[in-house]
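Engineer: For reference, this is upload-v2.txt, and it has compact mmCIF, C-alpha atoms and all ligand atoms.
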```txt
# COMPACT_ATOMS: atom_id res chain seq x y z
CA MET A 1 12.42 15.43 -18.42
CA PRO A 2 10.51 12.14 -18.34
CA ALA A 3 7.57 11.91 -15.96
CA LYS A 4 8.03 11.08 -12.31
CA VAL A 5 6.01 7.91 -11.74
CA PHE A 6 4.17 7.20 -8.49
CA SER A 7 2.40 3.90 -7.83
CA ILE A 8 -0.23 3.74 -5.13
CA THR A 9 -0.32 0.18 -3.94
CA ASN A 10 -1.42 -2.22 -1.22
CA GLN A 11 -2.56 -5.78 -1.76
CA LYS A 12 -5.42 -5.16 0.63
CA GLY A 13 -8.59 -3.55 -0.63
CA GLY A 14 -10.13 -0.50 0.97
CA THR A 15 -6.93 1.06 2.29
CA GLY A 16 -7.41 4.25 0.26
CA LYS A 17 -5.40 3.61 -2.92
CA THR A 18 -7.97 5.17 -5.23
CA THR A 19 -8.78 8.02 -2.85
CA LEU A 20 -5.10 8.89 -2.52
CA SER A 21 -4.41 8.39 -6.25
CA MET A 22 -7.14 10.76 -7.36
CA ASN A 23 -6.52 13.52 -4.83
CA PHE A 24 -2.75 13.26 -5.13
CA ALA A 25 -3.05 13.52 -8.93
CA ALA A 26 -5.41 16.49 -8.61
CA GLY A 27 -2.80 18.20 -6.44
CA LEU A 28 0.05 17.31 -8.82
CA THR A 29 -1.75 18.68 -11.86
CA ARG A 30 -1.51 22.15 -10.34
CA ARG A 31 2.26 21.74 -10.73
CA GLY A 32 2.62 19.93 -14.04
CA ARG A 33 1.00 17.71 -16.67
CA THR A 34 -0.41 14.71 -14.83
CA LEU A 35 -1.93 11.39 -15.90
CA VAL A 36 -3.66 8.73 -13.81
CA ILE A 37 -3.25 5.14 -14.96
CA ASP A 38 -6.05 2.95 -13.66
CA ALA A 39 -4.44 -0.47 -13.33
CA ASP A 40 -7.18 -1.92 -11.12
CA PRO A 41 -9.74 -4.08 -12.97
CA GLN A 42 -12.35 -2.64 -10.61
CA ARG A 43 -11.87 0.61 -12.52
CA SER A 44 -12.77 2.84 -9.57
CA ALA A 45 -10.56 5.68 -10.81
CA GLY A 46 -12.34 5.66 -14.16
CA GLN A 47 -15.73 5.55 -12.44
CA TRP A 48 -14.73 8.51 -10.30
CA THR A 49 -14.03 10.78 -13.29
CA GLY A 50 -17.15 9.43 -14.98
CA LEU A 51 -19.21 11.05 -12.22
CA ALA A 52 -17.85 14.52 -12.89
CA SER A 53 -20.10 17.02 -14.62
CA ASP A 54 -19.26 18.52 -18.02
CA GLU A 55 -18.97 21.94 -16.38
CA ARG A 56 -16.49 20.66 -13.82
CA PRO A 57 -14.53 17.74 -15.29
CA PHE A 58 -11.93 15.97 -13.18
CA PRO A 59 -8.70 17.93 -13.83
CA VAL A 60 -6.64 14.84 -14.69
CA SER A 61 -7.18 12.28 -17.47
CA VAL A 62 -7.52 8.68 -16.40
CA ILE A 63 -6.59 5.87 -18.75
CA ALA A 64 -7.31 2.23 -18.01
CA VAL A 65 -4.51 -0.22 -18.66
CA ALA A 66 -4.98 -3.97 -18.76
CA GLY A 67 -1.93 -5.12 -20.71
CA ASN A 68 1.76 -4.61 -20.02
CA LEU A 69 1.79 -1.77 -17.52
CA ALA A 70 5.52 -1.01 -17.81
CA ARG A 71 5.24 -0.61 -21.58
CA GLU A 72 2.25 1.74 -21.23
CA VAL A 73 4.09 3.85 -18.66
CA ASN A 74 7.07 4.18 -21.00
CA HIS A 75 4.71 5.20 -23.76
CA PHE A 76 3.42 8.16 -21.73
CA ARG A 77 6.58 9.08 -19.86
CA GLN A 78 7.72 11.78 -22.28
CA ASP A 79 4.33 13.49 -22.49
CA TYR A 80 3.72 14.07 -18.79
CA ASP A 81 5.48 15.45 -15.75
CA TYR A 82 3.73 13.12 -13.31
CA ILE A 83 2.10 9.73 -13.72
CA VAL A 84 0.06 8.21 -10.89
CA ILE A 85 -0.76 4.49 -11.06
CA ASP A 86 -3.75 3.24 -9.06
CA CYS A 87 -2.80 -0.41 -8.47
CA PRO A 88 -5.08 -3.41 -7.96
CA PRO A 89 -5.38 -4.95 -4.47
CA THR A 90 -3.30 -8.04 -5.21
CA LEU A 91 0.27 -9.27 -5.37
CA GLU A 92 -0.73 -12.42 -7.25
CA THR A 93 -0.81 -10.93 -10.75
CA ASP A 94 2.24 -9.27 -12.30
CA THR A 95 0.63 -5.80 -12.37
CA VAL A 96 2.21 -4.63 -9.13
CA SER A 97 5.65 -6.01 -9.99
CA LEU A 98 5.46 -4.22 -13.36
CA ALA A 99 4.40 -1.07 -11.49
CA MET A 100 7.40 -1.45 -9.16
CA SER A 101 9.75 -1.80 -12.12
CA ALA A 102 8.30 1.29 -13.85
CA SER A 103 7.96 3.62 -10.85
CA ASP A 104 10.15 6.12 -9.08
CA THR A 105 8.10 6.01 -5.89
CA MET A 106 5.67 3.56 -4.31
CA LEU A 107 3.10 4.97 -1.89
CA ILE A 108 1.42 2.46 0.39
CA PRO A 109 -1.69 3.67 2.16
CA VAL A 110 -2.16 1.77 5.43
CA LEU A 111 -5.09 1.92 7.81
CA PRO A 112 -4.46 2.24 11.55
CA SER A 113 -5.41 -1.34 12.32
CA PRO A 114 -3.27 -4.39 13.19
CA ILE A 115 -4.57 -6.53 10.33
CA ASP A 116 -3.74 -3.84 7.80
CA LEU A 117 -0.27 -3.44 9.27
CA TRP A 118 0.38 -7.18 9.11
CA ALA A 119 -0.72 -7.32 5.48
CA SER A 120 1.83 -4.63 4.65
CA VAL A 121 4.71 -6.86 5.77
CA ARG A 122 4.52 -8.99 2.64
CA LEU A 123 4.28 -5.94 0.41
CA ALA A 124 7.28 -4.39 2.13
CA ASN A 125 9.26 -7.55 1.35
CA ALA A 126 8.14 -7.48 -2.28
CA ILE A 127 9.32 -3.88 -2.56
CA GLU A 128 12.70 -4.73 -1.02
CA GLN A 129 13.07 -7.41 -3.72
CA ALA A 130 12.03 -5.03 -6.49
CA LYS A 131 14.77 -2.64 -5.36
CA MET A 132 17.33 -5.18 -6.50
CA SER A 133 16.43 -4.49 -10.12
CA ASN A 134 15.06 -0.94 -9.79
CA ARG A 135 17.73 0.51 -7.52
CA GLU A 136 16.32 4.02 -7.49
CA LEU A 137 12.91 2.87 -6.29
CA LYS A 138 11.65 4.70 -3.22
CA ALA A 139 8.74 3.60 -1.06
CA PHE A 140 6.75 5.22 1.72
CA LEU A 141 3.90 4.13 3.94
CA VAL A 142 1.09 6.69 4.18
CA ILE A 143 -1.28 6.38 7.11
CA ASN A 144 -4.86 6.80 5.99
CA GLN A 145 -8.07 7.35 7.92
CA LEU A 146 -6.20 8.62 10.96
CA GLU A 147 -8.34 9.55 13.92
CA PRO A 148 -6.22 11.63 16.27
CA ARG A 149 -8.38 10.83 19.30
CA ASN A 150 -8.30 7.09 18.64
CA ALA A 151 -5.75 5.15 20.68
CA LEU A 152 -4.77 2.83 17.82
CA SER A 153 -4.19 5.77 15.51
CA ARG A 154 -1.89 7.28 18.09
CA ALA A 155 -0.11 3.97 18.62
CA MET A 156 0.67 3.64 14.90
CA GLN A 157 3.90 5.59 14.93
CA GLN A 158 5.68 3.06 17.09
CA ALA A 159 4.47 0.11 15.00
CA LEU A 160 5.50 1.78 11.75
CA GLU A 161 9.08 1.95 12.99
CA GLU A 162 9.19 -1.84 12.64
CA PHE A 163 8.96 -1.53 8.86
CA ASP A 164 12.02 -1.20 6.64
CA ILE A 165 9.96 1.23 4.60
CA PRO A 166 9.76 4.75 6.05
CA SER A 167 6.42 6.44 6.52
CA LEU A 168 5.59 9.94 5.39
CA THR A 169 5.19 12.51 8.14
CA GLY A 170 1.91 13.56 6.58
CA GLY A 171 -1.03 11.18 6.50
CA LEU A 172 -4.71 11.45 5.70
CA ARG A 173 -7.26 11.89 8.42
CA ARG A 174 -10.58 10.15 8.27
CA ARG A 175 -12.81 12.81 6.74
CA ALA A 176 -16.24 12.60 5.16
CA ILE A 177 -15.11 14.99 2.44
CA TYR A 178 -12.91 12.27 0.91
CA ARG A 179 -16.10 10.31 0.28
CA THR A 180 -18.46 13.10 -0.71
CA SER A 181 -16.00 14.54 -3.21
CA ALA A 182 -15.94 11.15 -4.97
CA ILE A 183 -19.73 11.25 -5.41
CA GLU A 184 -19.36 14.46 -7.35
CA GLY A 185 -16.41 13.13 -9.35
CA VAL A 186 -14.10 15.84 -8.07
CA SER A 187 -11.10 16.07 -5.77
CA VAL A 188 -11.01 17.67 -2.34
CA PHE A 189 -9.40 20.69 -4.01
CA CYS A 190 -12.79 21.49 -5.60
CA MET A 191 -14.81 21.39 -2.40
CA GLY A 192 -14.20 24.94 -1.24
CA LYS A 193 -14.00 25.55 2.46
CA ARG A 194 -15.23 22.04 3.32
CA GLY A 195 -12.29 20.52 1.50
CA GLU A 196 -9.64 22.89 2.77
CA ALA A 197 -8.18 20.73 5.55
CA ALA A 198 -8.09 17.65 3.33
CA ALA A 199 -6.53 19.60 0.46
CA GLN A 200 -3.88 20.80 2.88
CA GLU A 201 -3.07 17.19 3.83
CA ILE A 202 -2.64 16.23 0.20
CA GLU A 203 -0.49 19.30 -0.39
CA SER A 204 1.77 18.35 2.51
CA ILE A 205 2.26 14.88 1.05
CA ILE A 206 3.16 16.36 -2.32
CA GLU A 207 5.60 18.79 -0.75
CA GLU A 208 7.21 15.98 1.19
CA LEU A 209 7.68 13.97 -1.99
CA LEU A 210 8.75 16.56 -4.56
CA MET B 1 -1.27 4.33 25.22
CA LYS B 2 2.45 3.58 25.17
CA GLN B 3 1.60 -0.03 25.92
CA LEU B 4 -0.70 -0.27 22.93
CA GLY B 5 2.05 1.11 20.71
CA SER B 6 4.55 -1.51 21.81
CA LYS B 7 1.95 -4.30 21.56
CA LEU B 8 1.21 -3.24 18.01
CA ALA B 9 4.94 -3.06 17.24
CA ASP B 10 5.44 -6.53 18.75
CA SER B 11 2.69 -7.94 16.58
CA VAL B 12 4.37 -6.52 13.47
CA ARG B 13 7.69 -8.05 14.53
CA GLN B 14 6.00 -11.43 14.95
CA VAL B 15 4.38 -11.25 11.53
CA LYS B 16 7.76 -10.29 10.03
CA THR B 17 9.36 -13.37 11.59
CA GLN B 18 6.53 -15.61 10.41
CA GLN B 19 6.80 -14.17 6.92
CA ALA B 20 10.57 -14.62 6.83
CA GLU B 21 10.20 -18.24 7.93
CA LYS B 22 7.53 -18.83 5.32
CA GLU B 23 9.62 -17.28 2.56
CA GLY B 24 12.68 -19.21 3.67
CA LYS B 25 10.68 -22.43 3.52
CA GLU B 26 9.29 -21.62 0.09
CA GLN B 27 12.78 -20.91 -1.19
CA LYS B 28 14.10 -24.16 0.22
CA VAL B 29 11.26 -26.07 -1.42
CA GLN B 30 12.16 -24.45 -4.71
CA GLU B 31 15.83 -25.25 -4.27
CA ASP B 32 15.67 -28.96 -3.60
CA LYS B 33 12.33 -29.47 -5.34
CA THR B 34 11.10 -31.62 -2.49
CA PRO B 35 7.96 -30.03 -1.22
CA GLU B 36 7.77 -30.18 2.54
CA PRO B 37 4.52 -30.57 4.36
CA ILE B 38 3.54 -27.22 5.79
CA LEU B 39 2.74 -27.38 9.47
CA VAL B 40 0.00 -25.04 10.44
CA SER B 41 -0.48 -24.72 14.12
CA SER B 42 -2.56 -22.22 15.96
CA ARG B 43 -0.33 -22.88 18.98
CA PRO B 44 3.21 -22.68 17.66
CA GLU B 45 4.54 -22.86 21.21
CA ALA B 46 2.91 -26.28 21.79
CA PRO B 47 5.42 -29.12 21.42
CA LEU B 48 4.97 -31.45 18.47
CA PRO B 49 3.40 -34.74 19.52
CA LEU B 50 6.14 -37.27 20.24
CA PHE B 51 5.67 -41.01 20.48
CA THR B 52 7.14 -42.32 23.66
CA SER B 53 9.45 -45.29 23.39
CA ARG B 54 6.82 -47.32 25.22
CA ARG B 55 4.28 -46.67 22.51
CA VAL B 56 6.71 -47.44 19.69
CA TRP B 57 8.20 -50.54 21.24
CA PRO B 58 5.68 -51.94 23.66
CA ASP B 59 7.02 -54.53 26.11
N1 LIG A 301 -9.19 9.50 4.60
C1 LIG A 301 -10.40 8.99 4.40
N2 LIG A 301 -11.46 9.44 5.11
C2 LIG A 301 -12.70 8.91 4.92
N3 LIG A 301 -12.98 7.95 4.05
C3 LIG A 301 -11.96 7.45 3.30
C4 LIG A 301 -10.64 7.94 3.43
N4 LIG A 301 -9.84 7.24 2.56
C5 LIG A 301 -10.64 6.37 1.93
N5 LIG A 301 -11.92 6.49 2.36
C6 LIG A 301 -13.07 5.65 1.95
O1 LIG A 301 -12.70 4.29 2.22
C7 LIG A 301 -13.16 3.43 1.19
C8 LIG A 301 -11.98 2.71 0.54
O2 LIG A 301 -11.16 3.65 -0.13
P1 LIG A 301 -10.58 3.38 -1.58
O3 LIG A 301 -9.84 4.60 -1.98
O4 LIG A 301 -11.64 2.89 -2.50
O5 LIG A 301 -9.57 2.19 -1.25
P2 LIG A 301 -8.84 1.16 -2.25
O6 LIG A 301 -8.69 1.83 -3.56
O7 LIG A 301 -7.56 0.86 -1.58
O8 LIG A 301 -9.71 -0.06 -2.31
C9 LIG A 301 -13.93 4.31 0.24
O9 LIG A 301 -15.27 4.26 0.60
C10 LIG A 301 -13.35 5.70 0.47
O10 LIG A 301 -14.28 6.72 0.15
MG MG A 302 -9.25 1.24 -5.53
```
Using structure tokens, write down the structure that the file contains.

Structural biologist:
Amino acid sequence: MPAKVFSITNQKGGTGKTTLSMNFAAGLTRRGRTLVIDADPQRSAGQWTGLASDERPFPVSVIAVAGNLAREVNHFRQDYDYIVIDCPPTLETDTVSLAMSASDTMLIPVLPSPIDLWASVRLANAIEQAKMSNRELKAFLVINQLEPRNALSRAMQQALEEFDIPSLTGGLRRRAIYRTSAIEGVSVFCMGKRGEAAAQEIESIIEELL
Amino acid sequence: MKQLGSKLADSVRQVKTQQAEKEGKEQKVQEDKTPEPILVSSRPEAPLPLFTSRRVWPD
């Protein structure tokens, strides 16, 4: 079976694309052969694995792709069960449209803030257009940095209903462990008890999607 | 709380409308190849300035 391809995208920076990509991939690799494609020229995914120690390497290989993304995905499709593409924060280059044509599922991390929600409107439209040529394409919003006691976080659900794209039931809470695990070049699955709640969130997302 | 949710939802609806108008305009420009001036107004509800007949044809 060819790999299932997930693209993590949002044309805004700082919404959690790389954080979700790396932890999601680390969760997927427990189920099957997984590859991360770093399609962001900032190369954060590559930097993340570069910080891992030799004793505890990041469990998923990351390759950087600068050329034709769709062609590279096809190249690796037979060798992996899951491919996760960490997309750049832009809709102005053709990277994201190539990612949309090569993916089974788009995941769009969104922060619980009006400006981030508004920015997602354009992306949602772009995905609707991409569905015309990639009819099987699925897309989901994923709320990131949720703070259950924060009023805006709690108000998100109602606003998300305005989107044509459904949102996953599971989101990511704002947790320091998502940051500290990156310093060590590992995923939240490697952080023992401190990472347990975060790892559970990632697991729920995977279960919802597979 | 509920109010904040519907305010946020309203704001998304507004942005969707703005975006649809913008995309419609861009498509039209592409179709007839006559670029239209883009009006940017921070007060879209304010009427466009109209010359009164007195100012156009003074007595
Ligand atoms: N759920 C979270 N909790 C706490 N910090 C987070 C969370 N998700 C992302 N971050 C932090 O937010 C910043 C932006 O995340 P990042 O994954 O780099 O976003 P992007 O790839 O979209 O630019 C980083 O500093 C990251 O560590
Ligand atoms: Mg990134």

Engineer: Near chain B, which residues of chain A fall within 7 Å when you count only C-alpha atoms, and what do they look like as JSON, numbers by chain?

Structural biologist: {"A": [114, 117, 118, 121, 151, 155, 156, 158, 159, 162]}

Engineer: Within 6 Å of ligand LIG 301 (chain A), which residues show up when you count only C-alpha atoms and all ligand atoms? List them as a list in words, please.

Structural biologist: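 Residues lying within 6 Å of ligand LIG 301 (chain A): Gly13, Gly14, Thr15, Gly16, Lys17, Thr18, Thr19, Asn144, Gln145, Leu172, Arg173, Arg174, Arg175, Ala176, Tyr178 and Arg179 of chain A.
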
Engineer: Please dump the current selection as a PDB file, in the frame of the given file; keep C-alpha atoms.

Structural biologist:
```
ATOM      1  CA  GLY A  13      -8.590  -3.550  -0.630  1.00  0.00           C
ATOM      2  CA  GLY A  14     -10.130  -0.500   0.970  1.00  0.00           C
ATOM      3  CA  THR A  15      -6.930   1.060   2.290  1.00  0.00           C
ATOM      4  CA  GLY A  16      -7.410   4.250   0.260  1.00  0.00           C
ATOM      5  CA  LYS A  17      -5.400   3.610  -2.920  1.00  0.00           C
ATOM      6  CA  THR A  18      -7.970   5.170  -5.230  1.00  0.00           C
ATOM      7  CA  THR A  19      -8.780   8.020  -2.850  1.00  0.00           C
ATOM      8  CA  ASN A 144      -4.860   6.800   5.990  1.00  0.00           C
ATOM      9  CA  GLN A 145      -8.070   7.350   7.920  1.00  0.00           C
ATOM     10  CA  LEU A 172      -4.710  11.450   5.700  1.00  0.00           C
ATOM     11  CA  ARG A 173      -7.260  11.890   8.420  1.00  0.00           C
ATOM     12  CA  ARG A 174     -10.580  10.150   8.270  1.00  0.00           C
ATOM     13  CA  ARG A 175     -12.810  12.810   6.740  1.00  0.00           C
ATOM     14  CA  ALA A 176     -16.240  12.600   5.160  1.00  0.00           C
ATOM     15  CA  TYR A 178     -12.910  12.270   0.910  1.00  0.00           C
ATOM     16  CA  ARG A 179     -16.100  10.310   0.280  1.00  0.00           C
TER      17      ARG A 179
END
```

Engineer: Rounded to one decimal place, report the atom CA of A:Ser113-atom CA of A:Asp164 distance in Å.

Structural biologist: 18.3 Å

Engineer: Can you tell me which residues surround A:Gly195 at a distance of at most 10 Å, considering all atoms listed in the file, apart from same-chain residues fewer than 2 positions away, and format the answer as an mmCIF file with C-alpha atoms, in the frame of the given file?

Structural biologist:
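Contents of selection36.cif, freshly written:
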```cif
data_model
loop_
_atom_site.group_PDB
_atom_site.id
_atom_site.type_symbol
_atom_site.label_atom_id
_atom_site.label_comp_id
_atom_site.auth_asym_id
_atom_site.auth_seq_id
_atom_site.Cartn_x
_atom_site.Cartn_y
_atom_site.Cartn_z
ATOM 1 C CA ARG A 175 -12.810 12.810 6.740
ATOM 2 C CA ALA A 176 -16.240 12.600 5.160
ATOM 3 C CA ILE A 177 -15.110 14.990 2.440
ATOM 4 C CA TYR A 178 -12.910 12.270 0.910
ATOM 5 C CA THR A 180 -18.460 13.100 -0.710
ATOM 6 C CA SER A 181 -16.000 14.540 -3.210
ATOM 7 C CA SER A 187 -11.100 16.070 -5.770
ATOM 8 C CA VAL A 188 -11.010 17.670 -2.340
ATOM 9 C CA PHE A 189 -9.400 20.690 -4.010
ATOM 10 C CA CYS A 190 -12.790 21.490 -5.600
ATOM 11 C CA MET A 191 -14.810 21.390 -2.400
ATOM 12 C CA GLY A 192 -14.200 24.940 -1.240
ATOM 13 C CA LYS A 193 -14.000 25.550 2.460
ATOM 14 C CA ALA A 197 -8.180 20.730 5.550
ATOM 15 C CA ALA A 198 -8.090 17.650 3.330
ATOM 16 C CA ALA A 199 -6.530 19.600 0.460
ATOM 17 C CA GLN A 200 -3.880 20.800 2.880
#
```

Engineer: Can you pull out every residue with an atom within 10 Å of ligand MG 302 (chain A)? Use only C-alpha atoms and all ligand atoms and format it as a PyMOL selection string.

Structural biologist: chain A and resi 8-10+12-22+38-45+86-89

Engineer: Those residues you just picked out, can you put them in a file as a compact mmCIF listing (two decimals), in the coordinates of the input with C-alpha atoms?

Structural biologist:
```txt
# COMPACT_ATOMS: atom_id res chain seq x y z
CA ILE A 8 -0.23 3.74 -5.13
CA THR A 9 -0.32 0.18 -3.94
CA ASN A 10 -1.42 -2.22 -1.22
CA LYS A 12 -5.42 -5.16 0.63
CA GLY A 13 -8.59 -3.55 -0.63
CA GLY A 14 -10.13 -0.50 0.97
CA THR A 15 -6.93 1.06 2.29
CA GLY A 16 -7.41 4.25 0.26
CA LYS A 17 -5.40 3.61 -2.92
CA THR A 18 -7.97 5.17 -5.23
CA THR A 19 -8.78 8.02 -2.85
CA LEU A 20 -5.10 8.89 -2.52
CA SER A 21 -4.41 8.39 -6.25
CA MET A 22 -7.14 10.76 -7.36
CA ASP A 38 -6.05 2.95 -13.66
CA ALA A 39 -4.44 -0.47 -13.33
CA ASP A 40 -7.18 -1.92 -11.12
CA PRO A 41 -9.74 -4.08 -12.97
CA GLN A 42 -12.35 -2.64 -10.61
CA ARG A 43 -11.87 0.61 -12.52
CA SER A 44 -12.77 2.84 -9.57
CA ALA A 45 -10.56 5.68 -10.81
CA ASP A 86 -3.75 3.24 -9.06
CA CYS A 87 -2.80 -0.41 -8.47
CA PRO A 88 -5.08 -3.41 -7.96
CA PRO A 89 -5.38 -4.95 -4.47
```

Engineer: Show which residues sit within 8 Å of A:Lys138, as JSON, numbers by chain. Count all atoms listed in the file, and ignore same-chain residues fewer than 5 positions away.

Structural biologist: {"A": [104, 105, 106]}

Engineer: Considering all atoms listed in the file, state which residue in the set A:Ala102, A:Met132, A:Leu51, A:Ile205 is at the smallest distance from A:Phe24.

Structural biologist: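 Closest residue, counting all atoms listed in the file: A:Ile205.
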
Engineer: Rounded to one decimal place, report the atom CA of A:Met1-atom CA of A:Leu209 distance in Å.

Structural biologist: 17.2 Å

Engineer: In Å, with one decimal, what is the gap from atom CA of A:Val5 to atom CA of A:Glu55?

Structural biologist: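 According to the coordinates, atom CA of A:Val5 and atom CA of A:Glu55 are separated by 29.0 Å.
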
Engineer: For A:Ser153, find every residue with an atom within 9 Å (counting all atoms listed in the file), except residues of its own chain fewer than 5 positions away, and show them as a list in words.

Structural biologist: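 Using all atoms listed in the file, the neighbours found are Leu111, Pro112, Ser113, Ile143, Gln145, Leu146, Glu147 and Pro148 of chain A.
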
Engineer: Just give me the residues with any atom within 10 Å of (0.1, -10.4, -4.7), file coordinates, counting only C-alpha atoms, written as a PDB file with C-alpha atoms, in the coordinates of the input.

Structural biologist:
```
ATOM      1  CA  ASN A  10      -1.420  -2.220  -1.220  1.00  0.00           C
ATOM      2  CA  GLN A  11      -2.560  -5.780  -1.760  1.00  0.00           C
ATOM      3  CA  LYS A  12      -5.420  -5.160   0.630  1.00  0.00           C
ATOM      4  CA  PRO A  88      -5.080  -3.410  -7.960  1.00  0.00           C
ATOM      5  CA  PRO A  89      -5.380  -4.950  -4.470  1.00  0.00           C
ATOM      6  CA  THR A  90      -3.300  -8.040  -5.210  1.00  0.00           C
ATOM      7  CA  LEU A  91       0.270  -9.270  -5.370  1.00  0.00           C
ATOM      8  CA  GLU A  92      -0.730 -12.420  -7.250  1.00  0.00           C
ATOM      9  CA  THR A  93      -0.810 -10.930 -10.750  1.00  0.00           C
ATOM     10  CA  ASP A  94       2.240  -9.270 -12.300  1.00  0.00           C
ATOM     11  CA  THR A  95       0.630  -5.800 -12.370  1.00  0.00           C
ATOM     12  CA  VAL A  96       2.210  -4.630  -9.130  1.00  0.00           C
ATOM     13  CA  SER A  97       5.650  -6.010  -9.990  1.00  0.00           C
ATOM     14  CA  ARG A 122       4.520  -8.990   2.640  1.00  0.00           C
ATOM     15  CA  LEU A 123       4.280  -5.940   0.410  1.00  0.00           C
ATOM     16  CA  ALA A 126       8.140  -7.480  -2.280  1.00  0.00           C
TER      17      ALA A 126
END
```

Engineer: Closest to A:Val73 among A:Asn23, A:Ser103, A:Thr49, A:Ser120, using only C-alpha atoms?

Structural biologist: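 When distances to A:Val73 are compared using only C-alpha atoms, the smallest one comes from A:Ser103.
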
Engineer: Counting only C-alpha atoms, find residues at most 8 Å from (3.8, 8.5, 9.5) (file frame) and give them as a ChimeraX atom specification.

Structural biologist: /A:141-143,156-157,160,166-171
